[in-house]
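Everything below belongs to coords18.json, which stores JSON, C-alpha atoms.
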```
[["chain", "number", "residue", "atom", "x", "y", "z"],
["X", 1, "MET", "CA", 26.51, 5.76, 1.65],
["X", 2, "ASN", "CA", 23.02, 6.94, 2.57],
["X", 3, "LYS", "CA", 20.95, 5.35, 5.31],
["X", 4, "LEU", "CA", 17.49, 4.12, 4.28],
["X", 5, "PHE", "CA", 14.46, 4.13, 6.56],
["X", 6, "ILE", "CA", 10.70, 4.04, 6.28],
["X", 7, "THR", "CA", 8.56, 6.63, 7.97],
["X", 8, "THR", "CA", 4.83, 6.28, 8.39],
["X", 9, "VAL", "CA", 2.88, 9.39, 9.30],
["X", 10, "ILE", "CA", -0.82, 9.78, 10.07],
["X", 11, "GLY", "CA", -2.96, 12.71, 11.07],
["X", 12, "PRO", "CA", -5.44, 15.33, 9.93],
["X", 13, "ILE", "CA", -5.15, 16.71, 6.41],
["X", 14, "THR", "CA", -4.02, 20.32, 6.33],
["X", 15, "PRO", "CA", -3.27, 22.36, 3.21],
["X", 16, "GLY", "CA", 0.25, 21.68, 1.96],
["X", 17, "ILE", "CA", 1.11, 19.07, 4.61],
["X", 18, "ILE", "CA", 2.80, 16.64, 2.21],
["X", 19, "LYS", "CA", 4.80, 19.47, 0.63],
["X", 20, "SER", "CA", 5.87, 20.68, 4.09],
["X", 21, "LEU", "CA", 7.03, 17.20, 5.11],
["X", 22, "ALA", "CA", 9.07, 16.95, 1.89],
["X", 23, "GLU", "CA", 10.63, 20.39, 2.44],
["X", 24, "VAL", "CA", 11.82, 19.44, 5.92],
["X", 25, "THR", "CA", 13.31, 16.23, 4.54],
["X", 26, "ARG", "CA", 15.11, 18.16, 1.79],
["X", 27, "ALA", "CA", 16.40, 20.72, 4.33],
["X", 28, "PHE", "CA", 18.37, 17.85, 5.91],
["X", 29, "LYS", "CA", 19.53, 16.74, 2.44],
["X", 30, "GLY", "CA", 17.21, 13.74, 2.58],
["X", 31, "GLU", "CA", 15.25, 12.32, -0.33],
["X", 32, "TRP", "CA", 12.02, 10.37, -0.62],
["X", 33, "LEU", "CA", 12.75, 7.39, -2.86],
["X", 34, "THR", "CA", 9.17, 6.12, -2.74],
["X", 35, "SER", "CA", 6.01, 7.47, -1.18],
["X", 36, "LYS", "CA", 2.38, 6.42, -0.85],
["X", 37, "VAL", "CA", -0.34, 8.72, 0.45],
["X", 38, "ILE", "CA", -3.91, 7.79, 1.30],
["X", 39, "LYS", "CA", -6.57, 10.34, 2.23],
["X", 40, "LEU", "CA", -9.80, 9.37, 3.96],
["X", 41, "ASP", "CA", -12.44, 11.47, 5.74],
["X", 42, "GLY", "CA", -10.21, 14.42, 6.55],
["X", 43, "HIS", "CA", -7.21, 12.30, 7.56],
["X", 44, "PHE", "CA", -4.21, 11.00, 5.72],
["X", 45, "SER", "CA", -1.68, 8.25, 6.07],
["X", 46, "ALA", "CA", 1.62, 8.35, 4.24],
["X", 47, "MET", "CA", 4.62, 6.06, 3.97],
["X", 48, "MET", "CA", 7.92, 7.30, 2.66],
["X", 49, "LYS", "CA", 11.17, 5.48, 1.98],
["X", 50, "VAL", "CA", 13.82, 8.04, 2.91],
["X", 51, "ALA", "CA", 17.49, 8.15, 1.95],
["X", 52, "ILE", "CA", 19.69, 10.41, 4.09],
["X", 53, "ALA", "CA", 23.27, 10.74, 5.32],
["X", 54, "PRO", "CA", 23.60, 8.60, 8.48],
["X", 55, "GLU", "CA", 24.75, 11.58, 10.57],
["X", 56, "ALA", "CA", 21.55, 13.54, 9.68],
["X", 57, "GLU", "CA", 19.02, 10.77, 10.31],
["X", 58, "ALA", "CA", 18.36, 11.35, 14.03],
["X", 59, "GLU", "CA", 18.15, 15.11, 13.58],
["X", 60, "LEU", "CA", 15.64, 14.79, 10.70],
["X", 61, "LYS", "CA", 13.43, 12.44, 12.70],
["X", 62, "ALA", "CA", 13.50, 14.76, 15.73],
["X", 63, "GLU", "CA", 12.66, 17.79, 13.56],
["X", 64, "LEU", "CA", 9.69, 16.02, 11.92],
["X", 65, "VAL", "CA", 8.24, 15.04, 15.29],
["X", 66, "ALA", "CA", 8.82, 18.52, 16.77],
["X", 67, "LYS", "CA", 7.60, 20.56, 13.80],
["X", 68, "PHE", "CA", 4.49, 18.46, 13.11],
["X", 69, "ALA", "CA", 3.16, 17.86, 16.64],
["X", 70, "ALA", "CA", -0.39, 17.08, 15.37],
["X", 71, "LEU", "CA", 0.93, 14.09, 13.40],
["X", 72, "GLN", "CA", 1.99, 10.64, 14.56],
["X", 73, "PHE", "CA", 5.26, 9.24, 13.19],
["X", 74, "VAL", "CA", 6.65, 5.72, 13.13],
["X", 75, "PHE", "CA", 10.19, 5.16, 11.89],
["X", 76, "ASP", "CA", 11.61, 1.80, 10.87],
["X", 77, "ASP", "CA", 14.69, 0.53, 9.07],
["X", 78, "VAL", "CA", 14.30, -0.77, 5.53],
["X", 79, "ILE", "CA", 14.09, -4.55, 5.49],
["X", 80, "ALA", "CA", 16.04, -6.16, 2.67],
["X", 81, "GLU", "CA", 13.69, -7.78, 0.21],
["X", 82, "PRO", "CA", 14.07, -11.51, -0.43],
["X", 83, "ALA", "CA", 15.94, -12.43, -3.59],
["X", 84, "ALA", "CA", 13.35, -15.00, -4.71],
["X", 85, "ALA", "CA", 12.56, -14.79, -8.39],
["X", 86, "SER", "CA", 9.11, -13.41, -9.05],
["X", 87, "ARG", "CA", 7.08, -11.52, -11.60],
["X", 88, "ALA", "CA", 4.53, -8.77, -11.14],
["X", 89, "LEU", "CA", 0.87, -9.48, -11.79],
["X", 90, "HIS", "CA", -1.67, -6.67, -11.90],
["X", 91, "LEU", "CA", -5.33, -7.60, -11.92],
["X", 92, "THR", "CA", -8.84, -6.57, -10.96],
["X", 93, "LEU", "CA", -11.44, -8.70, -9.24],
["X", 94, "ASP", "CA", -15.14, -7.80, -9.36],
["X", 95, "CYS", "CA", -18.09, -9.65, -7.82],
["X", 96, "GLY", "CA", -21.06, -9.31, -5.52],
["X", 97, "ASP", "CA", -20.01, -8.43, -1.97],
["X", 98, "ARG", "CA", -20.32, -10.77, 0.99],
["X", 99, "ALA", "CA", -18.99, -11.08, 4.50],
["X", 100, "GLY", "CA", -15.44, -12.43, 4.67],
["X", 101, "LEU", "CA", -14.65, -11.78, 1.01],
["X", 102, "THR", "CA", -11.49, -9.75, 1.60],
["X", 103, "ARG", "CA", -10.22, -12.34, 4.10],
["X", 104, "ASP", "CA", -10.81, -15.14, 1.58],
["X", 105, "ILE", "CA", -8.92, -13.27, -1.16],
["X", 106, "VAL", "CA", -5.95, -12.61, 1.12],
["X", 107, "ASN", "CA", -5.94, -16.26, 2.25],
["X", 108, "ILE", "CA", -5.83, -17.50, -1.35],
["X", 109, "LEU", "CA", -2.90, -15.22, -2.18],
["X", 110, "THR", "CA", -0.90, -16.00, 0.96],
["X", 111, "ASN", "CA", -1.51, -19.75, 0.62],
["X", 112, "LEU", "CA", 0.18, -19.52, -2.81],
["X", 113, "ASP", "CA", 3.12, -17.63, -1.23],
["X", 114, "LEU", "CA", 2.27, -14.54, -3.25],
["X", 115, "VAL", "CA", 3.32, -11.14, -1.95],
["X", 116, "ILE", "CA", 0.54, -8.56, -1.98],
["X", 117, "GLU", "CA", 2.29, -5.36, -2.99],
["X", 118, "HIS", "CA", -0.88, -3.32, -3.28],
["X", 119, "MET", "CA", -4.52, -4.10, -2.65],
["X", 120, "GLU", "CA", -7.22, -1.50, -3.04],
["X", 121, "PHE", "CA", -10.87, -2.40, -2.76],
["X", 122, "ASN", "CA", -14.20, -0.65, -2.89],
["X", 123, "ARG", "CA", -17.71, -1.66, -2.02],
["X", 124, "VAL", "CA", -20.51, 0.20, -3.79],
["X", 125, "HIS", "CA", -24.24, -0.31, -3.43],
["X", 126, "VAL", "CA", -25.88, -0.50, -6.86],
["X", 127, "SER", "CA", -29.54, 0.43, -6.37],
["X", 128, "PRO", "CA", -30.94, -0.88, -9.69],
["X", 129, "ILE", "CA", -29.76, -4.41, -8.89],
["X", 130, "GLY", "CA", -30.26, -4.07, -5.13],
["X", 131, "GLN", "CA", -26.79, -5.41, -4.39],
["X", 132, "THR", "CA", -23.43, -4.23, -3.11],
["X", 133, "VAL", "CA", -20.62, -4.79, -5.59],
["X", 134, "PHE", "CA", -17.03, -5.50, -4.54],
["X", 135, "SER", "CA", -14.20, -4.31, -6.77],
["X", 136, "SER", "CA", -10.49, -4.77, -6.07],
["X", 137, "ASN", "CA", -7.25, -3.76, -7.79],
["X", 138, "LEU", "CA", -4.34, -6.01, -6.91],
["X", 139, "ASN", "CA", -0.62, -5.86, -7.56],
["X", 140, "ILE", "CA", 1.05, -9.09, -6.51],
["X", 141, "ALA", "CA", 4.48, -10.65, -6.82],
["X", 142, "VAL", "CA", 4.15, -14.18, -8.17],
["X", 143, "PRO", "CA", 7.03, -16.61, -7.59],
["X", 144, "GLU", "CA", 8.35, -18.80, -10.40],
["X", 145, "GLY", "CA", 6.36, -22.00, -10.66],
["X", 146, "VAL", "CA", 2.97, -20.40, -9.94],
["X", 147, "SER", "CA", 0.99, -19.87, -13.12],
["X", 148, "THR", "CA", -1.11, -16.81, -13.82],
["X", 149, "GLU", "CA", -3.96, -19.13, -14.80],
["X", 150, "SER", "CA", -3.96, -20.85, -11.40],
["X", 151, "VAL", "CA", -4.06, -17.49, -9.59],
["X", 152, "VAL", "CA", -6.99, -16.34, -11.75],
["X", 153, "GLU", "CA", -8.85, -19.64, -11.32],
["X", 154, "LEU", "CA", -8.52, -19.59, -7.52],
["X", 155, "LEU", "CA", -9.58, -15.95, -7.26],
["X", 156, "GLU", "CA", -12.60, -16.55, -9.50],
["X", 157, "GLY", "CA", -13.55, -19.31, -7.07],
["X", 158, "VAL", "CA", -14.26, -16.83, -4.23],
["X", 159, "SER", "CA", -17.73, -16.17, -5.64],
["X", 160, "GLU", "CA", -20.02, -17.53, -8.36],
["X", 161, "ASP", "CA", -20.03, -14.15, -10.10],
["X", 162, "ALA", "CA", -16.34, -13.29, -9.64],
["X", 163, "ARG", "CA", -14.55, -11.90, -12.68],
["X", 164, "VAL", "CA", -10.78, -11.43, -12.78],
["X", 165, "ASN", "CA", -9.11, -9.29, -15.42],
["X", 166, "ILE", "CA", -5.36, -9.15, -15.95],
["X", 167, "LEU", "CA", -4.13, -5.62, -16.58]]
```
Starting from the coordinates I provided, produce the structure as structure tokens.
Amino acid sequence: MNKLFITTVIGPITPGIIKSLAEVTRAFKGEWLTSKVIKLDGHFSAMMKVAIAPEAEAELKAELVAKFAALQFVFDDVIAEPAAASRALHLTLDCGDRAGLTRDIVNILTNLDLVIEHMEFNRVHVSPIGQTVFSSNLNIAVPEGVSTESVVELLEGVSEDARVNIL
């Protein structure tokens, strides 16, 4: 049975870096089951869920650190996910920006015991209206007993002009 672990890597973007990381993993007969990559201002951050034979795990980790000295690695065991029944909810939230908005959104979701699986937000200044607009894409796990309508209603309460759309 394969061992599962999560690796997080950050560092400067170089041509082919993600492909090179994958090739090293494959050379040790490892496989990325899931990966997420974010690029920002010449840097990247990536998380990969890796499956590998237990006897090859330590050697793969050592090779990644040695071969990619300009990158920072963090390795962690996979944590078993809770078995609580839930459903996925994908939505967008748009409104005028203000201080503390992201914190308020996260507080609403965590107070409902929702799991934020993905949250991406952008702030863009719109010159014709002289205002900065906040836009967020959210993927959340909603436990049984929490209605979609209540989530939407609470999120729309973060601002007078908030609009939530279910995708």
Exercise. Give me, please, the distance in Å between atom CA of Asp104 of chain X and atom CA of Val158 of chain X, quoted to one decimal.
Key: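 These two atoms are separated by 7.0 Å.
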List every residue of segment 143-167 of chain X that has an atom at most 8 Å from any atom of segment 75-99 of chain X, giving for each one its closest atom pair and the distance in Å to one decimal, counting all atoms listed in the file, sorted by chain and then by ascending residue number, as a tab-separated table.
```
residue	atom	partner	partner_atom	distance
X:Pro143	CA	X:Ser86	CA	4.1
X:Glu144	CA	X:Ser86	CA	5.6
X:Thr148	CA	X:Leu89	CA	7.9
X:Leu155	CA	X:Leu93	CA	7.7
X:Glu156	CA	X:Leu93	CA	7.9
X:Ser159	CA	X:Cys95	CA	6.9
X:Asp161	CA	X:Cys95	CA	5.4
X:Ala162	CA	X:Cys95	CA	4.4
X:Arg163	CA	X:Asp94	CA	5.3
X:Val164	CA	X:Leu93	CA	4.5
X:Asn165	CA	X:Thr92	CA	5.2
X:Ile166	CA	X:Leu91	CA	4.3
X:Leu167	CA	X:Leu91	CA	5.2
```
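Among the candidate residues X:Phe68, X:Phe121, X:Phe134, X:Trp32, the one lying nearest to Met47 of chain X is X:Trp32, with distances computed using only C-alpha atoms.
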Quiz item: For Ile6 of chain X, which of X:Ile108, X:Ala46, X:Val24, X:Leu154 is the closest residue, counting all atoms listed in the file?
Solution: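 For Ile6 of chain X, the nearest of the candidates is X:Ala46.
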Exercise. Take atom CA of Asn2 of chain X and atom CA of Ala27 of chain X and report the distance between them in Å, one decimal.
Key: 15.4 Å
Quiz item: Quick one: residues within 10 Å of Leu40 of chain X, only C-alpha atoms counted, chain neighbours fewer than 5 positions away excluded, as a count of residues only?
Solution: 3
Missing atoms of segment 133-165 of chain X rebuilt to N, CA and C atoms, written as a short mmCIF file (atom, residue, chain, number, x, y, z; two decimals), in the coordinates of the input:
```
data_model
loop_
_atom_site.label_atom_id
_atom_site.label_comp_id
_atom_site.auth_asym_id
_atom_site.auth_seq_id
_atom_site.Cartn_x
_atom_site.Cartn_y
_atom_site.Cartn_z
N VAL X 133 -21.63 -4.22 -4.71
CA VAL X 133 -20.62 -4.79 -5.59
C VAL X 133 -19.24 -4.54 -4.98
N PHE X 134 -18.40 -5.55 -5.03
CA PHE X 134 -17.03 -5.50 -4.54
C PHE X 134 -16.11 -5.39 -5.75
N SER X 135 -15.17 -4.46 -5.69
CA SER X 135 -14.20 -4.31 -6.77
C SER X 135 -12.82 -4.11 -6.14
N SER X 136 -11.83 -4.84 -6.64
CA SER X 136 -10.49 -4.77 -6.07
C SER X 136 -9.45 -4.67 -7.17
N ASN X 137 -8.45 -3.83 -6.94
CA ASN X 137 -7.25 -3.76 -7.79
C ASN X 137 -6.12 -4.38 -6.99
N LEU X 138 -5.41 -5.30 -7.60
CA LEU X 138 -4.34 -6.01 -6.91
C LEU X 138 -3.05 -5.95 -7.70
N ASN X 139 -1.97 -5.71 -7.01
CA ASN X 139 -0.62 -5.86 -7.56
C ASN X 139 0.06 -6.90 -6.69
N ILE X 140 0.45 -8.01 -7.29
CA ILE X 140 1.05 -9.09 -6.51
C ILE X 140 2.33 -9.56 -7.17
N ALA X 141 3.25 -10.04 -6.34
CA ALA X 141 4.48 -10.65 -6.82
C ALA X 141 4.28 -12.15 -6.82
N VAL X 142 4.42 -12.75 -7.99
CA VAL X 142 4.15 -14.18 -8.17
C VAL X 142 5.47 -14.91 -8.34
N PRO X 143 5.77 -15.87 -7.46
CA PRO X 143 7.03 -16.61 -7.59
C PRO X 143 7.03 -17.52 -8.82
N GLU X 144 8.23 -17.85 -9.29
CA GLU X 144 8.35 -18.80 -10.40
C GLU X 144 7.66 -20.10 -9.99
N GLY X 145 7.03 -20.74 -10.93
CA GLY X 145 6.36 -22.00 -10.66
C GLY X 145 4.88 -21.86 -10.37
N VAL X 146 4.40 -20.63 -10.15
CA VAL X 146 2.97 -20.40 -9.94
C VAL X 146 2.44 -19.74 -11.21
N SER X 147 1.49 -20.39 -11.86
CA SER X 147 0.99 -19.87 -13.12
C SER X 147 -0.06 -18.78 -12.90
N THR X 148 -0.10 -17.87 -13.84
CA THR X 148 -1.11 -16.81 -13.82
C THR X 148 -2.50 -17.43 -13.86
N GLU X 149 -2.66 -18.47 -14.67
CA GLU X 149 -3.96 -19.13 -14.80
C GLU X 149 -4.45 -19.71 -13.47
N SER X 150 -3.55 -20.28 -12.68
CA SER X 150 -3.96 -20.85 -11.40
C SER X 150 -4.38 -19.76 -10.42
N VAL X 151 -3.68 -18.62 -10.46
CA VAL X 151 -4.06 -17.49 -9.59
C VAL X 151 -5.45 -17.00 -9.97
N VAL X 152 -5.69 -16.81 -11.27
CA VAL X 152 -6.99 -16.34 -11.75
C VAL X 152 -8.08 -17.34 -11.38
N GLU X 153 -7.84 -18.61 -11.60
CA GLU X 153 -8.85 -19.64 -11.32
C GLU X 153 -9.23 -19.66 -9.83
N LEU X 154 -8.23 -19.59 -8.96
CA LEU X 154 -8.52 -19.59 -7.52
C LEU X 154 -9.27 -18.34 -7.10
N LEU X 155 -8.88 -17.19 -7.62
CA LEU X 155 -9.58 -15.95 -7.26
C LEU X 155 -11.01 -15.95 -7.79
N GLU X 156 -11.23 -16.48 -8.97
CA GLU X 156 -12.60 -16.55 -9.50
C GLU X 156 -13.46 -17.51 -8.69
N GLY X 157 -12.82 -18.38 -7.91
CA GLY X 157 -13.55 -19.31 -7.07
C GLY X 157 -14.08 -18.70 -5.78
N VAL X 158 -13.78 -17.44 -5.48
CA VAL X 158 -14.26 -16.83 -4.23
C VAL X 158 -15.76 -16.53 -4.28
N SER X 159 -16.31 -16.48 -5.50
CA SER X 159 -17.73 -16.17 -5.64
C SER X 159 -18.20 -16.66 -7.01
N GLU X 160 -19.47 -17.05 -7.09
CA GLU X 160 -20.02 -17.53 -8.36
C GLU X 160 -19.92 -16.49 -9.46
N ASP X 161 -20.02 -15.22 -9.09
CA ASP X 161 -20.03 -14.15 -10.10
C ASP X 161 -18.70 -13.41 -10.19
N ALA X 162 -17.65 -13.97 -9.63
CA ALA X 162 -16.34 -13.29 -9.64
C ALA X 162 -15.76 -13.26 -11.05
N ARG X 163 -15.23 -12.09 -11.40
CA ARG X 163 -14.55 -11.90 -12.68
C ARG X 163 -13.18 -11.31 -12.40
N VAL X 164 -12.14 -11.92 -12.94
CA VAL X 164 -10.78 -11.43 -12.78
C VAL X 164 -10.27 -10.99 -14.15
N ASN X 165 -9.71 -9.81 -14.19
CA ASN X 165 -9.11 -9.29 -15.42
C ASN X 165 -7.66 -8.98 -15.16
#
```
